[in-house]
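Asker: The following block contains the structure, expressed as structure tokens.
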Amino acid sequence: MLFKTYLTQRKSYRSYQKHDLDEGNLSQLKYYMEQLNEVYGEEWFSLSFFEDGKQVIKKLKGHAGYHGVMIESPHYVGFSVKKDTYEAYLWGAYALAALEKKAFELDVESCWVSLQDVPNEIRGSITEDPEERTEAVLALGQGKDHLPFRPNETSNRLPLKELVFEDDLDHPFDLEKLSNWGLEDLFYYVRNAPSAYNHQPWRFIIREGKVWLAMKSFDESNEYLDAGIVMFLFEGLASDDNYLGKWKLEPLHEEKGYSFVATYHL
Ligand SMILES: Cc1cc2nc3c(=O)[nH]c(=O)nc-3n(C[C@H](O)[C@H](O)[C@H](O)COP(=O)(O)O)c2cc1C
């Protein structure tokens with residue numbers, strides 16, 4: 001599925017039907033998750049499939065989610081990092097964002113659930129290994145208001161002039177130029193990426209033939225996850241338009257209080 005189609009139609013689901021997904025969908029999701037672990041995870045992170053969502057809910061209810069409001073679904077995929085560095089969170093989120101798109105293609109609804117404020121001992125109780133702390137989970141299931149068609153109703157998004165800049169953060173990119181360069185769609189659709197609290201902390205600065213990803217703040221795990229998700233979706237949207245680039249992590253630096261994280265060669 002084109003990333004454009006996905007980003008137009010996706011949204012977070014917060015209430016789910018109780019029944020399990022069918023075997024076919026479960027096995028496709030598990031297989032894809034294993035591939036993500038193999039291709040991207042080895043050094044950085046590990047994804048785990050929790051088929052029995054009730055076990056996860058028992059542990060996380062009252063702790064995970066915004067203000068402890070756990071999102072209850074029949075299944076979850078969790079992720080843990082192998083190194084306590086932002087890169088590990090970022091690549092983990094990149095992979096889990098890929099799994100979320102795969103779920104969408106199978107007509108399975110989803111929502112990220114933050115474990116950022118959950119005590120360590122609870123985060124260590126989700127998988128069998130207590131050393132392995134789950135950092136976030138993706139709720140998966142059939143949404144309560146699952147419809148045979150998908151209405152376009154993502155929540156509010158920032159206008160392009162607040163997201164895309166030329167050379168530095170003082171100069172919003174001229175939208176006519178953006179469209180002449182064939183880049184307007186990419187930035188238009190990438191805004192529909194999910195982000196914790198819908199903060200949309202990402203900014204894109206086009207400078208010397210590269211796009212820089214800068215984050216409004218880059219101090220906690222949710223913000224690292226937001227960065228990884230948007231990198232996956234940006235790359236996919238660019239590939240819809242036949243760009244072949246991949247994000248490259250750069251040594252972190254700050255400009256005007258924003259953290260400059262990675263570059264993408266146009
Ligand atoms: C890292 C991350 C953590 C999130 N945690 C939660 C959460 O704990 N509870 C919740 O209801 N939504 C959570 N969300 C979903 C966001 O609130 C949602 O993506 C945002 O409000 C935009 O809405 P949309 O995804 O429907 O476009 C999270 C999203 C991300 C990316």
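FYI, nothing fancy with the structure tokens labels: chains A, B, ... in order, residues from 1 per chain, ligands from 1 as they appear.
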Identify, on the basis of only C-alpha atoms, every residue whose closest approach to Ser259 (chain A) does not exceed 12 Å; exclude the query and any residue fewer than 3 positions from it along the same chain; express the result as a list in words.
Answerer: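 That gives Leu169, Pro201, Trp202, Arg203, Phe204, Ile205, Trp212, Leu213, Ala214, Met215, Lys216, Ser217, Phe218, Asp219, Glu223, Tyr224, Ala227, Leu249, Glu250, Pro251, Leu252, His253, Glu254, Glu255, Lys256 and Ala262 of chain A.
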Asker: May I have the selected residues written with N, CA and C atoms, as an mmCIF file, in the first residue's frame?
Answerer:
```cif
data_model
loop_
_atom_site.group_PDB
_atom_site.id
_atom_site.type_symbol
_atom_site.label_atom_id
_atom_site.label_comp_id
_atom_site.auth_asym_id
_atom_site.auth_seq_id
_atom_site.Cartn_x
_atom_site.Cartn_y
_atom_site.Cartn_z
ATOM 1 N N LEU A 169 15.711 27.564 11.246
ATOM 2 C CA LEU A 169 14.356 27.538 11.810
ATOM 3 C C LEU A 169 13.661 28.899 11.793
ATOM 4 N N PRO A 201 6.366 16.880 17.430
ATOM 5 C CA PRO A 201 7.588 17.609 17.785
ATOM 6 C C PRO A 201 8.596 17.718 16.640
ATOM 7 N N TRP A 202 8.283 17.132 15.483
ATOM 8 C CA TRP A 202 9.267 17.101 14.395
ATOM 9 C C TRP A 202 9.261 18.395 13.583
ATOM 10 N N ARG A 203 10.449 18.792 13.146
ATOM 11 C CA ARG A 203 10.597 19.915 12.203
ATOM 12 C C ARG A 203 11.544 19.449 11.116
ATOM 13 N N PHE A 204 11.338 19.943 9.902
ATOM 14 C CA PHE A 204 12.179 19.542 8.773
ATOM 15 C C PHE A 204 12.842 20.784 8.199
ATOM 16 N N ILE A 205 14.156 20.745 8.125
ATOM 17 C CA ILE A 205 14.891 21.898 7.618
ATOM 18 C C ILE A 205 15.620 21.455 6.355
ATOM 19 N N TRP A 212 17.006 17.946 7.140
ATOM 20 C CA TRP A 212 17.375 17.646 8.529
ATOM 21 C C TRP A 212 16.116 17.374 9.309
ATOM 22 N N LEU A 213 16.150 16.346 10.148
ATOM 23 C CA LEU A 213 15.070 16.145 11.112
ATOM 24 C C LEU A 213 15.510 16.789 12.421
ATOM 25 N N ALA A 214 14.728 17.771 12.879
ATOM 26 C CA ALA A 214 15.017 18.404 14.174
ATOM 27 C C ALA A 214 13.814 18.161 15.083
ATOM 28 N N MET A 215 14.093 17.964 16.356
ATOM 29 C CA MET A 215 13.017 17.682 17.312
ATOM 30 C C MET A 215 12.905 18.833 18.308
ATOM 31 N N LYS A 216 11.662 19.209 18.580
ATOM 32 C CA LYS A 216 11.418 20.339 19.478
ATOM 33 C C LYS A 216 12.004 20.067 20.860
ATOM 34 N N SER A 217 11.808 18.856 21.352
ATOM 35 C CA SER A 217 12.622 18.454 22.496
ATOM 36 C C SER A 217 12.959 16.982 22.312
ATOM 37 N N PHE A 218 14.073 16.583 22.894
ATOM 38 C CA PHE A 218 14.610 15.256 22.599
ATOM 39 C C PHE A 218 15.294 14.730 23.849
ATOM 40 N N ASP A 219 14.487 14.581 24.907
ATOM 41 C CA ASP A 219 15.038 14.224 26.212
ATOM 42 C C ASP A 219 14.486 12.933 26.772
ATOM 43 N N GLU A 223 9.846 10.972 23.013
ATOM 44 C CA GLU A 223 10.338 11.849 21.936
ATOM 45 C C GLU A 223 11.258 11.087 20.980
ATOM 46 N N TYR A 224 12.015 10.142 21.522
ATOM 47 C CA TYR A 224 12.841 9.305 20.643
ATOM 48 C C TYR A 224 11.926 8.453 19.746
ATOM 49 N N ALA A 227 10.451 10.415 16.922
ATOM 50 C CA ALA A 227 11.440 10.621 15.848
ATOM 51 C C ALA A 227 11.534 9.375 14.963
ATOM 52 N N LEU A 249 21.698 8.963 10.868
ATOM 53 C CA LEU A 249 21.804 9.649 12.160
ATOM 54 C C LEU A 249 23.081 10.469 12.167
ATOM 55 N N GLU A 250 22.967 11.700 12.648
ATOM 56 C CA GLU A 250 24.123 12.603 12.717
ATOM 57 C C GLU A 250 24.476 12.812 14.194
ATOM 58 N N PRO A 251 25.695 13.211 14.489
ATOM 59 C CA PRO A 251 25.983 13.570 15.890
ATOM 60 C C PRO A 251 24.985 14.664 16.301
ATOM 61 N N LEU A 252 24.359 14.496 17.460
ATOM 62 C CA LEU A 252 23.316 15.454 17.875
ATOM 63 C C LEU A 252 23.893 16.852 18.011
ATOM 64 N N HIS A 253 23.171 17.845 17.483
ATOM 65 C CA HIS A 253 23.536 19.225 17.828
ATOM 66 C C HIS A 253 22.264 20.047 17.989
ATOM 67 N N GLU A 254 22.406 21.187 18.641
ATOM 68 C CA GLU A 254 21.236 22.027 18.897
ATOM 69 C C GLU A 254 21.278 23.305 18.109
ATOM 70 N N GLU A 255 20.121 23.740 17.652
ATOM 71 C CA GLU A 255 19.978 25.076 17.062
ATOM 72 C C GLU A 255 18.680 25.635 17.583
ATOM 73 N N LYS A 256 18.729 26.796 18.178
ATOM 74 C CA LYS A 256 17.534 27.469 18.710
ATOM 75 C C LYS A 256 16.706 26.554 19.615
ATOM 76 N N ALA A 262 19.029 13.862 12.404
ATOM 77 C CA ALA A 262 19.345 12.995 11.258
ATOM 78 C C ALA A 262 19.182 13.765 9.957
#
```
Asker: Could you give me, as a list in words, every polymer residue with an atom at most 6 Å away from an atom of ligand 1, counting only C-alpha atoms and all ligand atoms?
Answerer: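 Here is the list of contacting residues: Lys11, Ser12, Gly65, Tyr66, Cys111, Trp112, Val113, Ser114, Thr154, Ser155, Asn192, Pro194, Ser195, Ala196, Tyr197, Asn198, Asn222, Leu225 and Asp226 of chain A.
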Asker: Compile the contact shell of Gly92 (chain A) as a ChimeraX atom specification: residues with an atom at most 10 Å away, counting only C-alpha atoms, same-chain residues fewer than 6 positions apart removed.
Answerer: /A:36-37,40-41,44-47,78-82,86,98,135-136,224-225,228-229
Asker: Print the selection's residues with C-alpha atoms to a file, as an mmCIF file, in the first residue's frame.
Answerer:
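Result went into selection-v7.cif, see below:
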```cif
data_model
loop_
_atom_site.group_PDB
_atom_site.id
_atom_site.type_symbol
_atom_site.label_atom_id
_atom_site.label_comp_id
_atom_site.auth_asym_id
_atom_site.auth_seq_id
_atom_site.Cartn_x
_atom_site.Cartn_y
_atom_site.Cartn_z
ATOM 1 C CA LEU A 36 11.801 -6.757 11.752
ATOM 2 C CA ASN A 37 13.713 -8.180 14.710
ATOM 3 C CA TYR A 40 16.733 -4.070 12.284
ATOM 4 C CA GLY A 41 16.690 -5.350 15.834
ATOM 5 C CA TRP A 44 19.322 -2.309 19.121
ATOM 6 C CA PHE A 45 15.978 -3.634 20.266
ATOM 7 C CA SER A 46 13.609 -6.538 20.505
ATOM 8 C CA LEU A 47 9.923 -6.727 19.589
ATOM 9 C CA GLY A 78 5.942 -4.618 22.986
ATOM 10 C CA PHE A 79 9.420 -3.369 22.466
ATOM 11 C CA SER A 80 12.474 -3.195 24.643
ATOM 12 C CA VAL A 81 15.909 -1.739 23.988
ATOM 13 C CA LYS A 82 19.212 -3.622 24.103
ATOM 14 C CA TYR A 86 18.337 7.185 21.970
ATOM 15 C CA ALA A 98 6.508 -0.587 10.003
ATOM 16 C CA GLU A 135 9.343 0.671 26.754
ATOM 17 C CA ALA A 136 6.116 0.949 24.764
ATOM 18 C CA TYR A 224 12.841 9.305 20.643
ATOM 19 C CA LEU A 225 9.897 7.151 19.572
ATOM 20 C CA GLY A 228 11.754 6.951 14.803
ATOM 21 C CA ILE A 229 8.140 6.783 13.669
#
```
Asker: Choose the residue, out of A:Gly24, A:Gly209, A:Gly245, A:Pro130, that has the smallest atom-to-atom separation from Met231 (chain A); count only C-alpha atoms.
Answerer: A:Gly245
Asker: What is the CA of Leu244 (chain A)-CA of Val108 (chain A) distance in Å, reported with one decimal?
Answerer: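 If I compute the distance from CA of Leu244 (chain A) to CA of Val108 (chain A), I get 28.3 Å.
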Asker: Do you know which residues are at most 9 Å from Leu60 (chain A) counting only C-alpha atoms, after dropping those on the same chain fewer than 4 positions away, and could you put them as JSON, numbers by chain?
Answerer: {"A": [55, 56, 64, 65, 68, 70, 115, 118, 122, 123, 126]}
Asker: Running DSSP on the backbone, which parts of region 121-182 of chain A land in helix (DSSP H, G or I), as a list in words?
Answerer: Glu121, Ile122, Arg123, Leu160, Lys161, Glu162, Leu175, Glu176, Lys177, Leu178, Ser179 and Asn180 of chain A
Asker: Tell me, in Å to one decimal, how far CA of Gln9 (chain A) is from CA of Leu183 (chain A).
Answerer: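 Atom-to-atom, CA of Gln9 (chain A) to CA of Leu183 (chain A), that is 20.0 Å.
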Asker: Do a neighbour search on Leu160 (chain A) at 10 Å with only C-alpha atoms, toss out local chain neighbours closer than 4 positions, and write the hits as a PyMOL selection string.
Answerer: chain A and resi 164-165+172-175+184+187-188+191+203-204
Asker: Emit the selected residues as a PDB file, in the first residue's frame, including C-alpha atoms.
Answerer:
```pdb
ATOM      1  CA  VAL A 164       9.169  22.848   7.024  1.00  0.00           C
ATOM      2  CA  PHE A 165      11.985  25.384   6.915  1.00  0.00           C
ATOM      3  CA  PRO A 172       9.497  28.745   6.782  1.00  0.00           C
ATOM      4  CA  PHE A 173       9.918  27.057   3.412  1.00  0.00           C
ATOM      5  CA  ASP A 174       8.111  28.846   0.602  1.00  0.00           C
ATOM      6  CA  LEU A 175       5.153  26.590  -0.207  1.00  0.00           C
ATOM      7  CA  GLU A 184       4.697  19.370  -0.965  1.00  0.00           C
ATOM      8  CA  PHE A 187       5.487  16.956   3.925  1.00  0.00           C
ATOM      9  CA  TYR A 188       1.718  17.297   3.759  1.00  0.00           C
ATOM     10  CA  ARG A 191       2.128  15.359   9.303  1.00  0.00           C
ATOM     11  CA  ARG A 203      10.597  19.915  12.203  1.00  0.00           C
ATOM     12  CA  PHE A 204      12.179  19.542   8.773  1.00  0.00           C
TER      13      PHE A 204
END
```
Asker: Would you please work out which residue, of A:Pro74, A:Tyr264, A:Gly53, A:Ala193, is nearest to Leu233 (chain A) when using only C-alpha atoms?
Answerer: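 Using only C-alpha atoms, Leu233 (chain A) sits closest to A:Ala193.
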Asker: Compare A:Thr85, A:Ser221, A:Ser73, A:Gln142 by their minimum atom-to-atom distance to Leu21 (chain A), counting only C-alpha atoms, and give me the closest one.
Answerer: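 Of A:Thr85, A:Ser221, A:Ser73, A:Gln142, the one nearest Leu21 (chain A) is A:Gln142, counting only C-alpha atoms.
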Asker: Using only C-alpha atoms, can you tell me which of A:Glu72, A:Glu34, A:Glu235, A:Asp107 comes closest to Arg10 (chain A)?
Answerer: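 Of A:Glu72, A:Glu34, A:Glu235, A:Asp107, the one nearest Arg10 (chain A), counting only C-alpha atoms, is A:Asp107.
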Asker: Could you pull out the strand (DSSP E) residues of region 55-229 of chain A, going by DSSP on the backbone, and write them as a PDB file with N, CA and C atoms, in the first residue's frame?
Answerer:
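Output contents, as saved in selection-v2.pdb:
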```pdb
ATOM      1  N   HIS A  75      -4.577  -7.953  21.730  1.00  0.00           N
ATOM      2  CA  HIS A  75      -3.158  -8.307  21.542  1.00  0.00           C
ATOM      3  C   HIS A  75      -2.297  -7.047  21.631  1.00  0.00           C
ATOM      4  N   TYR A  76      -1.016  -7.283  21.915  1.00  0.00           N
ATOM      5  CA  TYR A  76      -0.050  -6.166  21.942  1.00  0.00           C
ATOM      6  C   TYR A  76       1.265  -6.633  21.335  1.00  0.00           C
ATOM      7  N   VAL A  77       1.990  -5.662  20.790  1.00  0.00           N
ATOM      8  CA  VAL A  77       3.406  -5.904  20.504  1.00  0.00           C
ATOM      9  C   VAL A  77       4.183  -4.937  21.385  1.00  0.00           C
ATOM     10  N   GLY A  78       5.151  -5.471  22.113  1.00  0.00           N
ATOM     11  CA  GLY A  78       5.942  -4.618  22.986  1.00  0.00           C
ATOM     12  C   GLY A  78       7.335  -4.469  22.435  1.00  0.00           C
ATOM     13  N   PHE A  79       8.028  -3.421  22.877  1.00  0.00           N
ATOM     14  CA  PHE A  79       9.420  -3.369  22.466  1.00  0.00           C
ATOM     15  C   PHE A  79      10.311  -2.939  23.615  1.00  0.00           C
ATOM     16  N   SER A  80      11.491  -3.520  23.612  1.00  0.00           N
ATOM     17  CA  SER A  80      12.474  -3.195  24.643  1.00  0.00           C
ATOM     18  C   SER A  80      13.791  -2.890  23.936  1.00  0.00           C
ATOM     19  N   VAL A  81      14.634  -2.110  24.619  1.00  0.00           N
ATOM     20  CA  VAL A  81      15.909  -1.739  23.988  1.00  0.00           C
ATOM     21  C   VAL A  81      17.034  -2.614  24.521  1.00  0.00           C
ATOM     22  N   GLU A 109      -6.687  -2.578  13.503  1.00  0.00           N
ATOM     23  CA  GLU A 109      -6.489  -1.243  14.094  1.00  0.00           C
ATOM     24  C   GLU A 109      -5.425  -1.285  15.190  1.00  0.00           C
ATOM     25  N   SER A 110      -4.909  -0.090  15.535  1.00  0.00           N
ATOM     26  CA  SER A 110      -3.776  -0.052  16.470  1.00  0.00           C
ATOM     27  C   SER A 110      -3.707   1.280  17.207  1.00  0.00           C
ATOM     28  N   CYS A 111      -2.940   1.273  18.287  1.00  0.00           N
ATOM     29  CA  CYS A 111      -2.608   2.526  18.983  1.00  0.00           C
ATOM     30  C   CYS A 111      -1.337   2.309  19.794  1.00  0.00           C
ATOM     31  N   TRP A 112      -0.442   3.264  19.753  1.00  0.00           N
ATOM     32  CA  TRP A 112       0.748   3.231  20.609  1.00  0.00           C
ATOM     33  C   TRP A 112       0.312   3.513  22.036  1.00  0.00           C
ATOM     34  N   VAL A 113       0.934   2.812  22.969  1.00  0.00           N
ATOM     35  CA  VAL A 113       0.647   3.089  24.379  1.00  0.00           C
ATOM     36  C   VAL A 113       1.982   3.373  25.068  1.00  0.00           C
ATOM     37  N   SER A 114       2.043   4.538  25.687  1.00  0.00           N
ATOM     38  CA  SER A 114       3.284   4.962  26.322  1.00  0.00           C
ATOM     39  C   SER A 114       3.501   4.255  27.660  1.00  0.00           C
ATOM     40  N   THR A 134      10.044  -3.366  29.024  1.00  0.00           N
ATOM     41  CA  THR A 134       9.233  -2.955  27.880  1.00  0.00           C
ATOM     42  C   THR A 134       9.066  -1.433  27.919  1.00  0.00           C
ATOM     43  N   GLU A 135       9.334  -0.799  26.793  1.00  0.00           N
ATOM     44  CA  GLU A 135       9.343   0.671  26.754  1.00  0.00           C
ATOM     45  C   GLU A 135       8.059   1.258  26.181  1.00  0.00           C
ATOM     46  N   ALA A 136       7.388   0.491  25.345  1.00  0.00           N
ATOM     47  CA  ALA A 136       6.116   0.949  24.764  1.00  0.00           C
ATOM     48  C   ALA A 136       5.416  -0.287  24.232  1.00  0.00           C
ATOM     49  N   VAL A 137       4.110  -0.229  24.109  1.00  0.00           N
ATOM     50  CA  VAL A 137       3.407  -1.324  23.442  1.00  0.00           C
ATOM     51  C   VAL A 137       2.512  -0.737  22.354  1.00  0.00           C
ATOM     52  N   LEU A 138       2.256  -1.571  21.365  1.00  0.00           N
ATOM     53  CA  LEU A 138       1.311  -1.217  20.309  1.00  0.00           C
ATOM     54  C   LEU A 138       0.084  -2.101  20.504  1.00  0.00           C
ATOM     55  N   ALA A 139      -1.055  -1.462  20.793  1.00  0.00           N
ATOM     56  CA  ALA A 139      -2.312  -2.209  20.934  1.00  0.00           C
ATOM     57  C   ALA A 139      -2.776  -2.620  19.543  1.00  0.00           C
ATOM     58  N   LEU A 140      -3.257  -3.869  19.429  1.00  0.00           N
ATOM     59  CA  LEU A 140      -3.718  -4.368  18.128  1.00  0.00           C
ATOM     60  C   LEU A 140      -5.054  -5.074  18.279  1.00  0.00           C
ATOM     61  N   GLY A 141      -5.944  -4.847  17.365  1.00  0.00           N
ATOM     62  CA  GLY A 141      -7.225  -5.559  17.400  1.00  0.00           C
ATOM     63  C   GLY A 141      -8.177  -4.975  16.381  1.00  0.00           C
ATOM     64  N   VAL A 164       8.113  22.985   8.037  1.00  0.00           N
ATOM     65  CA  VAL A 164       9.169  22.848   7.024  1.00  0.00           C
ATOM     66  C   VAL A 164       9.876  24.188   6.849  1.00  0.00           C
ATOM     67  N   PHE A 165      11.203  24.156   6.916  1.00  0.00           N
ATOM     68  CA  PHE A 165      11.985  25.384   6.915  1.00  0.00           C
ATOM     69  C   PHE A 165      13.094  25.318   5.865  1.00  0.00           C
ATOM     70  N   GLU A 166      13.559  26.498   5.497  1.00  0.00           N
ATOM     71  CA  GLU A 166      14.667  26.565   4.542  1.00  0.00           C
ATOM     72  C   GLU A 166      15.908  27.075   5.276  1.00  0.00           C
ATOM     73  N   TRP A 202       8.283  17.132  15.483  1.00  0.00           N
ATOM     74  CA  TRP A 202       9.267  17.101  14.395  1.00  0.00           C
ATOM     75  C   TRP A 202       9.261  18.395  13.583  1.00  0.00           C
ATOM     76  N   ARG A 203      10.449  18.792  13.146  1.00  0.00           N
ATOM     77  CA  ARG A 203      10.597  19.915  12.203  1.00  0.00           C
ATOM     78  C   ARG A 203      11.544  19.449  11.116  1.00  0.00           C
ATOM     79  N   PHE A 204      11.338  19.943   9.902  1.00  0.00           N
ATOM     80  CA  PHE A 204      12.179  19.542   8.773  1.00  0.00           C
ATOM     81  C   PHE A 204      12.842  20.784   8.199  1.00  0.00           C
ATOM     82  N   ILE A 205      14.156  20.745   8.125  1.00  0.00           N
ATOM     83  CA  ILE A 205      14.891  21.898   7.618  1.00  0.00           C
ATOM     84  C   ILE A 205      15.620  21.455   6.355  1.00  0.00           C
ATOM     85  N   ILE A 206      15.277  22.105   5.257  1.00  0.00           N
ATOM     86  CA  ILE A 206      15.925  21.746   3.987  1.00  0.00           C
ATOM     87  C   ILE A 206      17.138  22.664   3.821  1.00  0.00           C
ATOM     88  N   ARG A 207      18.287  22.021   3.738  1.00  0.00           N
ATOM     89  CA  ARG A 207      19.544  22.779   3.743  1.00  0.00           C
ATOM     90  C   ARG A 207      20.549  22.031   2.877  1.00  0.00           C
ATOM     91  N   LYS A 210      19.814  18.544   1.592  1.00  0.00           N
ATOM     92  CA  LYS A 210      19.466  17.517   2.575  1.00  0.00           C
ATOM     93  C   LYS A 210      18.268  17.992   3.387  1.00  0.00           C
ATOM     94  N   VAL A 211      17.486  17.039   3.878  1.00  0.00           N
ATOM     95  CA  VAL A 211      16.457  17.376   4.858  1.00  0.00           C
ATOM     96  C   VAL A 211      17.016  16.998   6.228  1.00  0.00           C
ATOM     97  N   TRP A 212      17.006  17.946   7.140  1.00  0.00           N
ATOM     98  CA  TRP A 212      17.375  17.646   8.529  1.00  0.00           C
ATOM     99  C   TRP A 212      16.116  17.374   9.309  1.00  0.00           C
ATOM    100  N   LEU A 213      16.150  16.346  10.148  1.00  0.00           N
ATOM    101  CA  LEU A 213      15.070  16.145  11.112  1.00  0.00           C
ATOM    102  C   LEU A 213      15.510  16.789  12.421  1.00  0.00           C
ATOM    103  N   ALA A 214      14.728  17.771  12.879  1.00  0.00           N
ATOM    104  CA  ALA A 214      15.017  18.404  14.174  1.00  0.00           C
ATOM    105  C   ALA A 214      13.814  18.161  15.083  1.00  0.00           C
ATOM    106  N   MET A 215      14.093  17.964  16.356  1.00  0.00           N
ATOM    107  CA  MET A 215      13.017  17.682  17.312  1.00  0.00           C
ATOM    108  C   MET A 215      12.905  18.833  18.308  1.00  0.00           C
TER     109      MET A 215
END
```
Asker: Between CA of Lys4 (chain A) and CA of Leu237 (chain A), what distance in Å does the model show, to one decimal?
Answerer: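 Between these atoms lies a distance of 6.3 Å.
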